[in-house]
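Structure file final_34.cif with mmCIF, C-alpha atoms:
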```cif
data_model
#
loop_
_atom_site.label_atom_id
_atom_site.label_comp_id
_atom_site.auth_asym_id
_atom_site.auth_seq_id
_atom_site.Cartn_x
_atom_site.Cartn_y
_atom_site.Cartn_z
CA MET A 1 -89.85 102.42 170.68
CA ARG A 2 -91.65 99.13 170.00
CA ILE A 3 -94.72 101.06 168.80
CA LYS A 4 -92.66 103.12 166.36
CA HIS A 5 -91.11 99.95 164.91
CA CYS A 6 -94.65 98.57 164.54
CA ILE A 7 -95.70 101.64 162.54
CA LEU A 8 -92.71 101.37 160.23
CA SER A 9 -93.30 97.65 159.66
CA VAL A 10 -96.95 98.23 158.73
CA CYS A 11 -95.98 101.05 156.35
CA PHE A 12 -93.33 98.99 154.54
CA MET A 13 -95.57 95.94 154.22
CA LEU A 14 -98.35 97.97 152.64
CA MET A 15 -96.12 100.17 150.48
CA PRO A 16 -96.52 98.07 147.28
CA VAL A 17 -100.30 98.19 147.69
CA VAL A 18 -100.29 101.97 148.18
CA ALA A 19 -97.93 102.61 145.29
CA GLY A 20 -99.95 100.47 142.92
CA HIS A 21 -103.29 101.99 143.80
CA VAL A 22 -104.64 104.75 141.58
CA HIS A 23 -106.43 107.14 143.90
CA ALA A 24 -109.63 108.86 143.02
CA SER A 25 -110.10 112.30 144.51
CA PRO A 26 -110.82 111.85 148.22
CA GLU A 27 -114.25 112.66 149.59
CA ILE A 28 -113.91 115.74 151.78
CA GLN A 29 -116.22 116.34 154.72
CA SER A 30 -116.24 119.77 156.37
CA TRP A 31 -117.81 121.56 159.31
CA THR A 32 -117.20 124.49 161.66
CA THR A 33 -116.87 124.08 165.41
CA GLN A 34 -118.81 126.14 167.92
CA GLN A 35 -115.67 128.20 168.57
CA GLY A 36 -115.42 129.06 164.86
CA ALA A 37 -112.65 126.67 163.77
CA LYS A 38 -113.05 125.20 160.28
CA VAL A 39 -112.53 121.45 159.89
CA LEU A 40 -111.79 119.39 156.76
CA PHE A 41 -111.78 115.61 157.09
CA VAL A 42 -111.03 112.68 154.79
CA GLU A 43 -111.58 109.12 155.94
CA ASN A 44 -108.82 106.89 154.57
CA ASN A 45 -108.70 103.35 155.95
CA MET A 46 -105.67 102.10 154.06
CA LEU A 47 -103.44 102.27 157.16
CA PRO A 48 -104.39 102.14 160.87
CA MET A 49 -103.15 105.70 161.33
CA VAL A 50 -104.49 109.25 161.40
CA ASP A 51 -102.82 112.58 160.65
CA VAL A 52 -104.04 115.77 162.29
CA ARG A 53 -102.86 119.30 161.50
CA ILE A 54 -104.08 122.60 162.95
CA VAL A 55 -103.20 125.56 160.74
CA PHE A 56 -103.18 129.21 161.82
CA ASP A 57 -102.85 132.53 160.04
CA ALA A 58 -99.96 133.17 162.44
CA ALA A 59 -96.83 133.05 160.33
CA GLY A 60 -94.11 135.45 159.20
CA SER A 61 -96.53 137.80 157.47
CA ARG A 62 -97.92 138.60 160.95
CA ASP A 63 -94.54 139.46 162.50
CA GLY A 64 -95.07 143.21 162.29
CA ALA A 65 -91.97 145.10 163.46
CA LEU A 66 -90.36 141.94 164.88
CA PRO A 67 -89.38 139.50 162.11
CA GLY A 68 -88.94 136.01 163.52
CA LEU A 69 -91.63 136.45 166.18
CA ALA A 70 -94.04 133.99 164.57
CA MET A 71 -91.37 131.34 164.08
CA LEU A 72 -90.12 131.69 167.64
CA THR A 73 -93.64 131.50 169.08
CA ASN A 74 -94.44 128.38 167.08
CA GLY A 75 -91.15 126.75 168.01
CA LEU A 76 -91.75 127.31 171.72
CA LEU A 77 -95.14 125.59 171.84
CA ALA A 78 -93.63 122.14 172.39
CA GLU A 79 -90.84 123.38 174.66
CA GLY A 80 -93.09 123.30 177.71
CA ALA A 81 -96.84 122.90 178.21
CA ALA A 82 -99.30 121.95 180.95
CA GLY A 83 -96.46 121.81 183.46
CA LYS A 84 -94.40 119.36 181.37
CA ASP A 85 -91.02 120.27 179.95
CA ALA A 86 -89.92 119.56 176.38
CA GLN A 87 -88.47 116.16 177.29
CA GLN A 88 -91.67 115.04 179.01
CA LEU A 89 -93.80 116.17 176.06
CA ALA A 90 -91.54 114.35 173.63
CA GLU A 91 -91.68 111.21 175.76
CA SER A 92 -95.49 111.41 175.86
CA PHE A 93 -95.63 111.34 172.05
CA GLU A 94 -92.85 108.76 171.80
CA SER A 95 -94.49 106.41 174.30
CA VAL A 96 -97.33 105.75 171.83
CA GLY A 97 -95.28 105.97 168.63
CA ALA A 98 -96.79 109.34 167.68
CA GLN A 99 -94.91 111.90 165.61
CA PHE A 100 -95.36 115.57 166.46
CA GLY A 101 -94.64 118.30 163.90
CA ASN A 102 -94.80 122.08 163.76
CA ASP A 103 -93.56 124.91 161.57
CA SER A 104 -94.06 128.56 160.72
CA LEU A 105 -93.73 129.80 157.13
CA ARG A 106 -94.62 133.12 155.47
CA ASP A 107 -98.38 132.58 155.25
CA MET A 108 -99.26 129.80 157.68
CA ALA A 109 -98.10 128.21 160.91
CA TYR A 110 -99.17 124.77 162.11
CA VAL A 111 -98.92 122.06 164.73
CA GLY A 112 -99.89 118.47 164.17
CA VAL A 113 -99.46 114.81 164.98
CA ARG A 114 -99.46 111.41 163.30
CA THR A 115 -100.67 108.57 165.46
CA LEU A 116 -101.95 105.02 165.39
CA THR A 117 -105.73 104.80 165.62
CA ASP A 118 -105.82 102.30 168.47
CA GLU A 119 -107.77 104.24 171.09
CA GLN A 120 -105.22 104.02 173.92
CA TYR A 121 -102.44 105.35 171.67
CA MET A 122 -104.54 107.93 169.84
CA ASN A 123 -106.01 109.43 173.01
CA THR A 124 -102.56 110.01 174.50
CA ALA A 125 -101.30 111.62 171.28
CA ILE A 126 -104.34 113.91 170.90
CA ASN A 127 -104.34 114.93 174.56
CA THR A 128 -100.64 115.78 174.39
CA LEU A 129 -101.24 117.78 171.22
CA ALA A 130 -104.01 119.67 173.02
CA ASP A 131 -101.60 120.49 175.86
CA VAL A 132 -99.05 121.86 173.41
CA LEU A 133 -101.60 123.98 171.57
CA VAL A 134 -103.87 125.18 174.36
CA ARG A 135 -101.64 125.17 177.47
CA PRO A 136 -98.11 126.27 176.46
CA ASP A 137 -95.95 127.48 179.35
CA PHE A 138 -93.33 129.42 177.34
CA PRO A 139 -90.59 128.75 179.91
CA ARG A 140 -87.88 131.41 179.99
CA GLY A 141 -85.05 128.92 179.66
CA ALA A 142 -86.55 127.48 176.49
CA PHE A 143 -87.18 130.99 175.14
CA GLU A 144 -83.52 131.94 175.61
CA ARG A 145 -82.35 128.66 174.11
CA GLU A 146 -84.59 128.92 171.02
CA LEU A 147 -83.68 132.57 170.54
CA ALA A 148 -79.99 131.66 170.63
CA ARG A 149 -80.61 128.90 168.09
CA MET A 150 -82.31 131.37 165.73
CA LYS A 151 -79.36 133.74 166.04
CA VAL A 152 -77.01 130.93 165.03
CA ALA A 153 -79.26 130.10 162.06
CA LEU A 154 -79.23 133.77 161.05
CA GLU A 155 -75.42 133.82 161.06
CA ALA A 156 -75.43 130.68 158.90
CA ARG A 157 -77.74 132.37 156.38
CA LYS A 158 -75.28 135.24 156.12
CA GLN A 159 -72.70 132.74 154.84
CA SER A 160 -74.99 131.29 152.18
CA PRO A 161 -75.07 133.19 148.86
CA SER A 162 -78.39 131.60 147.90
CA ASP A 163 -79.99 132.66 151.21
CA ILE A 164 -78.56 136.16 150.82
CA ALA A 165 -79.93 136.38 147.29
CA GLU A 166 -83.39 135.13 148.25
CA GLU A 167 -83.66 137.54 151.19
CA ALA A 168 -82.57 140.47 149.01
CA PHE A 169 -85.04 139.40 146.32
CA PHE A 170 -88.01 139.37 148.70
CA LYS A 171 -86.99 142.72 150.15
CA ALA A 172 -86.74 144.31 146.71
CA VAL A 173 -89.96 142.79 145.37
CA TYR A 174 -92.12 143.43 148.44
CA ALA A 175 -90.59 146.60 149.93
CA GLU A 176 -92.93 147.60 152.80
CA HIS A 177 -95.30 144.65 152.44
CA PRO A 178 -95.25 142.00 155.22
CA TYR A 179 -93.82 139.45 152.78
CA ALA A 180 -90.60 141.46 152.53
CA MET A 181 -88.96 140.46 155.81
CA PRO A 182 -87.18 137.14 156.51
CA VAL A 183 -89.31 134.77 158.58
CA GLY A 184 -86.22 133.73 160.53
CA GLY A 185 -85.66 137.23 161.85
CA THR A 186 -83.01 139.93 161.58
CA ASP A 187 -80.15 140.98 163.85
CA GLU A 188 -82.23 143.83 165.23
CA SER A 189 -85.47 141.90 165.74
CA LEU A 190 -83.81 138.92 167.45
CA GLU A 191 -82.20 141.32 169.91
CA ASN A 192 -85.53 142.97 170.70
CA ILE A 193 -88.05 140.09 170.93
CA THR A 194 -89.15 139.50 174.52
CA LEU A 195 -91.05 136.71 176.23
CA GLN A 196 -93.95 139.14 176.59
CA ASP A 197 -93.99 139.56 172.79
CA ILE A 198 -94.23 135.77 172.43
CA GLU A 199 -97.13 135.52 174.85
CA ALA A 200 -98.99 138.41 173.23
CA PHE A 201 -98.53 136.94 169.74
CA TYR A 202 -99.81 133.56 170.91
CA GLN A 203 -102.86 135.08 172.59
CA GLN A 204 -103.76 137.10 169.50
CA TYR A 205 -103.26 134.51 166.77
CA TYR A 206 -103.56 131.04 168.31
CA VAL A 207 -107.32 131.23 168.71
CA ALA A 208 -110.12 129.00 167.42
CA SER A 209 -111.60 131.43 164.91
CA ASN A 210 -108.15 131.75 163.31
CA ALA A 211 -107.67 127.97 163.14
CA ILE A 212 -108.22 125.35 160.46
CA THR A 213 -108.08 121.66 161.35
CA VAL A 214 -107.43 118.97 158.76
CA ILE A 215 -107.70 115.28 159.55
CA VAL A 216 -106.90 112.33 157.29
CA GLY A 217 -106.91 108.71 158.33
CA ALA A 218 -108.65 105.59 159.53
CA VAL A 219 -111.25 107.17 161.80
CA ASP A 220 -114.92 107.95 161.19
CA ARG A 221 -116.59 111.35 161.26
CA LYS A 222 -117.76 110.95 164.86
CA THR A 223 -114.27 110.12 166.07
CA ALA A 224 -112.77 112.99 164.07
CA ALA A 225 -115.24 115.44 165.62
CA ARG A 226 -114.40 114.15 169.09
CA MET A 227 -110.70 114.66 168.41
CA VAL A 228 -111.34 118.25 167.35
CA ASP A 229 -113.37 118.91 170.50
CA THR A 230 -110.52 117.56 172.64
CA ILE A 231 -107.90 119.64 170.86
CA PHE A 232 -109.82 122.91 171.09
CA ASP A 233 -111.18 122.51 174.60
CA GLY A 234 -110.04 125.65 176.43
CA LEU A 235 -108.77 127.53 173.38
CA PRO A 236 -110.41 131.00 173.22
CA ALA A 237 -112.59 131.78 170.21
CA GLY A 238 -110.78 135.06 169.54
CA SER A 239 -111.08 136.67 166.13
CA LYS A 240 -109.51 136.45 162.70
CA PRO A 241 -106.71 138.91 161.93
CA GLU A 242 -107.23 141.70 159.42
CA PRO A 243 -106.54 140.67 155.82
CA LEU A 244 -103.04 141.28 154.50
CA PRO A 245 -102.67 144.31 152.24
CA PRO A 246 -102.54 143.71 148.48
CA VAL A 247 -99.11 143.43 146.89
CA PRO A 248 -98.47 146.46 144.66
CA ASP A 249 -96.91 146.22 141.21
CA LEU A 250 -93.28 147.19 140.90
CA ALA A 251 -92.90 150.84 139.93
CA GLN A 252 -89.69 150.20 138.00
CA ALA A 253 -87.00 147.66 137.30
CA GLU A 254 -84.32 147.26 139.95
CA THR A 255 -80.97 145.49 140.05
CA VAL A 256 -79.37 144.61 143.39
CA LYS A 257 -75.72 143.57 143.33
CA ILE A 258 -74.14 142.06 146.45
CA ASP A 259 -70.46 141.17 146.52
CA PHE A 260 -69.69 137.75 147.97
CA PRO A 261 -66.48 135.68 147.91
CA SER A 262 -67.74 132.91 145.67
CA LYS A 263 -66.67 131.35 142.39
CA GLN A 264 -70.28 131.41 141.26
CA SER A 265 -72.89 134.11 140.96
CA HIS A 266 -76.34 133.40 142.35
CA ILE A 267 -78.97 135.17 140.27
CA TYR A 268 -82.66 135.74 141.03
CA VAL A 269 -84.99 137.53 138.62
CA GLY A 270 -88.71 138.09 139.12
CA GLN A 271 -91.65 140.12 140.33
CA PRO A 272 -94.98 139.66 142.14
CA GLY A 273 -96.80 136.70 140.60
CA MET A 274 -100.17 135.33 141.72
CA LYS A 275 -102.34 134.48 144.69
CA ARG A 276 -103.15 130.87 145.55
CA ASN A 277 -106.83 131.41 144.66
CA ASP A 278 -106.02 133.44 141.56
CA GLU A 279 -108.36 133.05 138.61
CA ASP A 280 -105.31 132.47 136.40
CA PHE A 281 -103.75 129.87 138.68
CA PHE A 282 -104.06 126.90 136.32
CA LYS A 283 -103.03 128.91 133.26
CA LEU A 284 -99.87 130.20 134.91
CA TYR A 285 -99.05 126.87 136.54
CA VAL A 286 -99.24 125.08 133.20
CA ALA A 287 -97.38 127.95 131.50
CA ASN A 288 -94.39 127.67 133.81
CA HIS A 289 -94.04 123.90 133.45
CA PRO A 290 -92.36 123.80 130.00
CA PHE A 291 -90.53 127.09 130.56
CA GLY A 292 -88.59 126.40 133.74
CA GLY A 293 -90.65 124.09 135.93
CA SER A 294 -90.13 120.66 134.40
CA GLY A 295 -86.50 120.01 135.25
CA PHE A 296 -84.22 118.82 132.47
CA SER A 297 -86.95 119.03 129.83
CA SER A 298 -87.60 122.74 130.38
CA ARG A 299 -86.66 125.47 127.92
CA LEU A 300 -84.40 127.20 130.40
CA VAL A 301 -82.38 124.05 131.06
CA GLU A 302 -82.22 123.18 127.38
CA THR A 303 -81.05 126.65 126.33
CA ILE A 304 -78.91 127.86 129.21
CA ARG A 305 -77.43 124.57 130.44
CA GLU A 306 -77.44 122.10 127.56
CA GLU A 307 -76.85 124.40 124.57
CA ARG A 308 -74.69 127.11 126.15
CA GLY A 309 -73.23 125.46 129.24
CA LEU A 310 -73.79 128.58 131.32
CA ALA A 311 -75.37 126.97 134.39
CA TYR A 312 -75.71 123.60 136.04
CA SER A 313 -79.04 124.52 137.64
CA VAL A 314 -81.65 126.92 136.28
CA SER A 315 -85.38 127.04 136.94
CA SER A 316 -88.48 129.19 137.23
CA TYR A 317 -91.59 128.95 139.35
CA PHE A 318 -94.64 130.73 140.68
CA SER A 319 -94.96 130.60 144.46
CA PRO A 320 -98.61 131.55 145.07
CA MET A 321 -99.54 132.77 148.53
CA ARG A 322 -102.51 134.47 150.22
CA GLU A 323 -101.52 137.67 148.46
CA ARG A 324 -99.38 137.65 145.34
CA GLY A 325 -96.40 135.41 145.86
CA PRO A 326 -93.38 135.78 143.61
CA PHE A 327 -92.67 134.67 140.10
CA MET A 328 -88.99 133.83 140.26
CA MET A 329 -86.27 132.63 137.90
CA SER A 330 -82.98 131.51 139.42
CA LEU A 331 -79.64 130.16 138.30
CA GLN A 332 -76.05 129.79 139.41
CA THR A 333 -73.23 130.47 136.96
CA ARG A 334 -69.49 131.09 136.95
CA ALA A 335 -68.69 134.64 137.99
CA ASP A 336 -67.15 135.50 134.62
CA GLN A 337 -70.33 134.32 132.84
CA THR A 338 -72.77 136.37 134.89
CA ASP A 339 -73.66 138.97 132.27
CA GLU A 340 -74.02 136.42 129.47
CA ALA A 341 -76.21 134.07 131.52
CA LEU A 342 -78.40 136.90 132.78
CA GLN A 343 -78.88 138.30 129.30
CA LEU A 344 -79.90 134.88 127.99
CA LEU A 345 -82.28 134.33 130.92
CA ARG A 346 -84.06 137.61 130.19
CA SER A 347 -84.13 136.89 126.46
CA GLU A 348 -85.78 133.52 127.01
CA LEU A 349 -88.43 135.09 129.25
CA ASP A 350 -89.08 137.80 126.66
CA LYS A 351 -89.62 135.22 123.90
CA TYR A 352 -91.80 133.01 126.07
CA VAL A 353 -94.09 135.81 127.22
CA ALA A 354 -94.55 136.81 123.58
CA SER A 355 -95.33 133.35 122.18
CA GLY A 356 -95.93 130.90 125.03
CA PRO A 357 -95.28 127.18 124.61
CA ASP A 358 -95.50 125.43 121.27
CA LYS A 359 -98.10 122.72 120.68
CA ASP A 360 -95.85 119.80 121.64
CA GLU A 361 -94.57 121.52 124.78
CA LEU A 362 -98.11 122.17 125.97
CA GLU A 363 -99.32 118.64 125.25
CA ASP A 364 -96.31 117.11 126.99
CA SER A 365 -96.75 119.38 130.01
CA ILE A 366 -100.43 118.64 130.43
CA SER A 367 -99.75 114.93 130.09
CA ASN A 368 -96.96 115.09 132.66
CA ILE A 369 -98.94 117.15 135.19
CA THR A 370 -102.11 115.10 134.98
CA GLY A 371 -100.25 111.79 134.81
CA SER A 372 -98.32 112.47 138.01
CA PHE A 373 -101.27 113.93 139.91
CA PRO A 374 -102.50 110.61 141.42
CA LEU A 375 -99.09 110.20 143.07
CA SER A 376 -99.66 113.47 144.91
CA LEU A 377 -102.61 111.85 146.70
CA ASP A 378 -101.04 108.48 147.54
CA SER A 379 -100.51 109.06 151.26
CA ASN A 380 -102.27 110.58 154.24
CA SER A 381 -99.62 113.25 154.60
CA LYS A 382 -99.96 114.38 150.98
CA ILE A 383 -103.74 114.56 151.23
CA LEU A 384 -103.32 116.42 154.50
CA GLY A 385 -101.17 119.04 152.79
CA PHE A 386 -103.76 119.53 150.06
CA LEU A 387 -106.57 119.88 152.59
CA ALA A 388 -104.61 122.49 154.54
CA MET A 389 -104.03 124.43 151.34
CA ILE A 390 -107.68 124.20 150.26
CA ALA A 391 -108.98 125.42 153.61
CA PHE A 392 -106.36 128.08 154.31
CA TYR A 393 -106.58 129.71 150.89
CA ASP A 394 -110.36 129.42 150.59
CA LEU A 395 -110.21 127.18 147.53
CA PRO A 396 -113.34 125.28 146.45
CA GLU A 397 -113.72 121.93 148.17
CA ASP A 398 -113.91 120.24 144.76
CA PHE A 399 -110.39 121.53 143.96
CA LEU A 400 -108.94 118.01 143.85
CA GLU A 401 -111.92 116.55 142.02
CA THR A 402 -111.73 119.18 139.25
CA TYR A 403 -107.93 119.54 139.18
CA ILE A 404 -107.24 117.39 136.13
CA ASP A 405 -110.12 118.91 134.16
CA ASN A 406 -108.85 122.41 134.93
CA ILE A 407 -105.37 121.50 133.76
CA GLN A 408 -106.65 119.91 130.56
CA LYS A 409 -108.77 122.97 129.73
CA VAL A 410 -105.72 125.23 129.45
CA ASP A 411 -104.83 126.06 125.84
CA ARG A 412 -102.09 128.12 124.20
CA SER A 413 -104.20 131.25 123.85
CA ASP A 414 -105.04 131.10 127.58
CA ILE A 415 -101.36 130.91 128.42
CA ARG A 416 -100.30 133.73 126.11
CA GLU A 417 -102.98 136.00 127.53
CA ALA A 418 -102.13 135.16 131.13
CA LEU A 419 -98.39 135.65 130.61
CA ARG A 420 -98.84 139.00 128.88
CA ASN A 421 -101.18 140.20 131.63
CA ARG A 422 -99.03 138.99 134.54
CA ILE A 423 -95.37 139.21 133.48
CA ASP A 424 -94.03 142.71 132.94
CA ILE A 425 -90.53 142.24 131.59
CA ASP A 426 -89.70 145.92 132.00
CA HIS A 427 -90.52 145.85 135.74
CA THR A 428 -88.50 143.03 137.25
CA VAL A 429 -86.15 142.74 140.19
CA THR A 430 -82.72 141.26 139.50
CA VAL A 431 -80.49 140.14 142.38
CA ILE A 432 -76.89 139.07 141.81
CA VAL A 433 -74.80 137.70 144.67
CA GLY A 434 -71.14 136.82 144.02
CA ASN A 435 -67.92 138.20 142.59
CA GLY A 436 -69.74 138.65 139.29
CA GLY A 437 -71.92 141.28 140.97
#
```
Just give me the structure as structure tokens.
Amino acid sequence: MRIKHCILSVCFMLMPVVAGHVHASPEIQSWTTQQGAKVLFVENNMLPMVDVRIVFDAAGSRDGALPGLAMLTNGLLAEGAAGKDAQQLAESFESVGAQFGNDSLRDMAYVGVRTLTDEQYMNTAINTLADVLVRPDFPRGAFERELARMKVALEARKQSPSDIAEEAFFKAVYAEHPYAMPVGGTDESLENITLQDIEAFYQQYYVASNAITVIVGAVDRKTAARMVDTIFDGLPAGSKPEPLPPVPDLAQAETVKIDFPSKQSHIYVGQPGMKRNDEDFFKLYVANHPFGGSGFSSRLVETIREERGLAYSVSSYFSPMRERGPFMMSLQTRADQTDEALQLLRSELDKYVASGPDKDELEDSISNITGSFPLSLDSNSKILGFLAMIAFYDLPEDFLETYIDNIQKVDRSDIREALRNRIDIDHTVTVIVGNGG
């Protein structure tokens, strides 16, 4: 515990320096290990700490017929490894003030650690991380416990109208595509997943050639390479999984109404949007900002909330993924206002696709996006997230360096063209959950 307090003290003492520093784009170094794992590294000596994350194409989109399999496999990694139980692994990290993290999403799963760079602390943290990644035991007791926890979480989602709406939206938009199923599993899949399924999933996807390692912190290239070698020692090379299938366009509009005992209706409207490495990424990202992505200054908030009082919260966003992630608009409104709010939401989208932002909206959006960008690089963890995204989605390594220029290049004609090519108002999915359905 003394080490953890030391970390927090250092962070708080240096916080004013970090916050006041305008970061240039970090210099990214990259290489590929002999086993085929890609590595991206940024040396950042502002704090005596280093963040390490290993990312795998081993998330919900790889679940196959067993939704929840990827999440359960990832969650079990730290529940027992190299003969140590979960408590012993946690104590190993805790003893040196290290923080372990892991998660499984729709596109990517990861494990990682934050540690002090003092050699005695760092070595313990990295060796324990290697045990978790390379030598998991998948103990039956932990499997049954984690499976039970996921079943409880599933029951909780059934009581949440927003979760119900989001799950129905993804199912309607993606149909038979791997993105359609909930990453947390279904009643049927959680009854059928076995420990053998977990072990087989791990052996197929947690391999070096399917791994990306990102490192940010106060270590040099030589030390970073040594850390990678330690982490991957004993992990099979394996092979990359087959690419995900493309996301098809919607054949027709669809409305899904789900009755739920709620005073409010939860509404989702959208369709397949764009990939993370899409050629129109910057155009669509800038386009969404003044429409529904800029909080209280957005058109949707101004029109639906401020002028008409039909919703407290309303927004829109693109969620780019390896294949086309969704474009989604969402709001919550009183049940008796459902039809009016939905009609206005669709009307605003129709007008915006036709004309795009006005001159002032575009200038304000570009200024806001570029002005806040340095804050997105003001910590190791934020840089780490960017590096993981760059590597996983095969973005150019100068993505951060050219980001502001790419935003500033977007003009109104670019946006109008991109919106008309990508948003088909006559082929959207609408999900309504509540008594207004």
Select from stretch 14-103 of chain A every residue with an atom at most 9 Å from any atom of stretch 382-401 of chain A, then for each give the shortest pair of atoms and their distance in Å to one decimal, using all atoms listed in the file, rows by chain and rising number, as a tab-separated table.
```
residue	atom	partner	partner_atom	distance
A:Ala24	CA	A:Glu401	CA	8.1
A:Ser25	CA	A:Glu401	CA	5.3
A:Pro26	CA	A:Leu400	CA	7.8
A:Glu27	CA	A:Glu401	CA	8.8
A:Ile28	CA	A:Glu397	CA	7.2
A:Gln29	CA	A:Glu397	CA	9.0
A:Ser30	CA	A:Glu397	CA	8.8
A:Lys38	CA	A:Ala391	CA	7.8
A:Val39	CA	A:Ala391	CA	8.2
A:Leu40	CA	A:Leu387	CA	6.7
A:Phe41	CA	A:Leu387	CA	8.1
A:Val42	CA	A:Ile383	CA	8.3
A:Asp51	CA	A:Leu384	CA	7.3
A:Val52	CA	A:Leu384	CA	7.9
A:Arg53	CA	A:Leu384	CA	7.6
A:Ile54	CA	A:Ala388	CA	8.4
A:Val55	CA	A:Ala388	CA	7.1
A:Phe56	CA	A:Phe392	CA	8.2
A:Asp57	CA	A:Phe392	CA	8.1
```
Pick out the residues sitting within 10 Å of stretch 223-228 of chain A, and hand them over as a list in words; count only C-alpha atoms, and ignore anything fewer than 5 positions along from it in its own chain.
Trp31, Thr33, Ala37, Val39, Leu40, Phe41, Val42, Glu43, Val50, Val52, Ile54, Met122, Asn123, Ile126, Asn127, Ala130, Thr213, Val214, Ile215, Val216, Gly217, Ala218 and Asp233 of chain A
Residues matched by the PyMOL selection byres ((chain A and resi 179) around 10), written as a ChimeraX atom specification
/A:60-63,106-107,170-171,173-178,180-183,244,247,321,323-326
Hey, what comes out of the PyMOL selection byres ((chain A and resi 74) around 8) on this file? Could you write it as a PyMOL selection string?
chain A and resi 70-73+75-77+102-104+109-110
Please provide as a count of residues only all residues within 10 Å of stretch 349-351 of chain A, with the sequence filter that same-chain residues fewer than 2 positions apart are discarded (counting only C-alpha atoms).
19
Name the residues that the PyMOL selection byres ((chain A and resi 362) around 9) picks from the file above, as a list in words, using the file's chain letters and numbers.
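With the PyMOL selection byres ((chain A and resi 362) around 9) on this model, the match is Val286, Ala287, His289, Pro290, Pro357, Asp358, Lys359, Asp360, Glu361, Glu363, Asp364, Ser365, Ile366, Ser367, Val410, Asp411 and Arg412 of chain A.
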Pick out the closest residue to A:Ser330 from this set: A:Tyr403, A:Tyr205, A:Phe169, A:Tyr285. Count only C-alpha atoms.
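The answer is A:Phe169, which sits nearest to A:Ser330.
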Counting all atoms listed in the file, figure out which residue out of A:Pro136, A:Pro48, A:Gly309, A:Gly238 gets nearest to A:Arg114.
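That would be A:Pro48, the residue with the smallest distance to A:Arg114.
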d(atom CA of A:Val429, atom CA of A:Pro272) in Å:
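One can read the atom CA of A:Val429 to atom CA of A:Pro272 distance as 9.6 Å.
Of the residues listed (A:Glu348, A:Leu116, A:Phe138, A:Thr255), A:Leu116 shows the shortest atom-to-atom separation from A:Leu47; distances use only C-alpha atoms.
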Take atom CA of A:Pro320 and atom CA of A:Leu284 and report the distance between them in Å, one decimal.
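Between these atoms lies a distance of 10.3 Å.
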Of the listed residues A:Asp187, A:Ser413, A:Thr32, A:Leu89, that which approaches A:Ser209 most closely, counting all atoms listed in the file
A:Thr32
For A:Asp131, the nearest of the candidates A:Leu250, A:Met274, A:Ile198, A:Ala82, counting all atoms listed in the file:
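Smallest separation from A:Asp131 among the options: A:Ala82.
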For A:His266, which residue among A:Val152, A:Val433, A:Ile304, A:Ile404 is the nearest when counting only C-alpha atoms?
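Ranked by minimum distance to A:His266, first place goes to A:Val433.
Within the 12 Å cut-off around A:Gln337, using all atoms listed in the file and omitting residues fewer than 4 positions from it on the same chain, the listed residues are A:Lys263, A:Gln264, A:Ser265, A:His266, A:Ile267, A:Ile304, A:Arg308, A:Gly309, A:Leu310, A:Ala311, A:Leu331, A:Gln332, A:Thr333, A:Ala341, A:Leu342, A:Gln343, A:Leu344, A:Gly434, A:Asn435, A:Gly436, A:Gly437.
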Residues of the last selection are to be written out with C-alpha atoms, as an mmCIF file, keeping the file's coordinate frame.
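Result went into selection_23.cif, see below:
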```
data_model
loop_
_atom_site.group_PDB
_atom_site.id
_atom_site.type_symbol
_atom_site.label_atom_id
_atom_site.label_comp_id
_atom_site.auth_asym_id
_atom_site.auth_seq_id
_atom_site.Cartn_x
_atom_site.Cartn_y
_atom_site.Cartn_z
ATOM 1 C CA LYS A 263 -66.670 131.350 142.390
ATOM 2 C CA GLN A 264 -70.280 131.410 141.260
ATOM 3 C CA SER A 265 -72.890 134.110 140.960
ATOM 4 C CA HIS A 266 -76.340 133.400 142.350
ATOM 5 C CA ILE A 267 -78.970 135.170 140.270
ATOM 6 C CA ILE A 304 -78.910 127.860 129.210
ATOM 7 C CA ARG A 308 -74.690 127.110 126.150
ATOM 8 C CA GLY A 309 -73.230 125.460 129.240
ATOM 9 C CA LEU A 310 -73.790 128.580 131.320
ATOM 10 C CA ALA A 311 -75.370 126.970 134.390
ATOM 11 C CA LEU A 331 -79.640 130.160 138.300
ATOM 12 C CA GLN A 332 -76.050 129.790 139.410
ATOM 13 C CA THR A 333 -73.230 130.470 136.960
ATOM 14 C CA ALA A 341 -76.210 134.070 131.520
ATOM 15 C CA LEU A 342 -78.400 136.900 132.780
ATOM 16 C CA GLN A 343 -78.880 138.300 129.300
ATOM 17 C CA LEU A 344 -79.900 134.880 127.990
ATOM 18 C CA GLY A 434 -71.140 136.820 144.020
ATOM 19 C CA ASN A 435 -67.920 138.200 142.590
ATOM 20 C CA GLY A 436 -69.740 138.650 139.290
ATOM 21 C CA GLY A 437 -71.920 141.280 140.970
#
```
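Our summary of the geometry notes that atom CA of A:Ala86 is positioned 12.6 Å from atom CA of A:Arg140.
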Taking (-86.5, 118.2, 138.4) as a centre in this file's frame and 12 Å as the limit, can you find every polymer residue with an atom that close, using all atoms listed in the file, and give them as a list in words?
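Residues close enough to count: His289, Pro290, Gly292, Gly293, Ser294, Gly295, Phe296, Ser297, Ser298, Val301, Ser313, Val314, Ser315, Ser316 and Tyr317 of chain A.
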Emit as JSON the padded axis-aligned box for all listed atoms of stretch 185-201 of chain A, 3 Å per side, with centre and edge lengths in Å to one decimal.
```
{"center_x": -89.6, "center_y": 139.7, "center_z": 169.1, "size_x": 24.8, "size_y": 14.3, "size_z": 21.0}
```
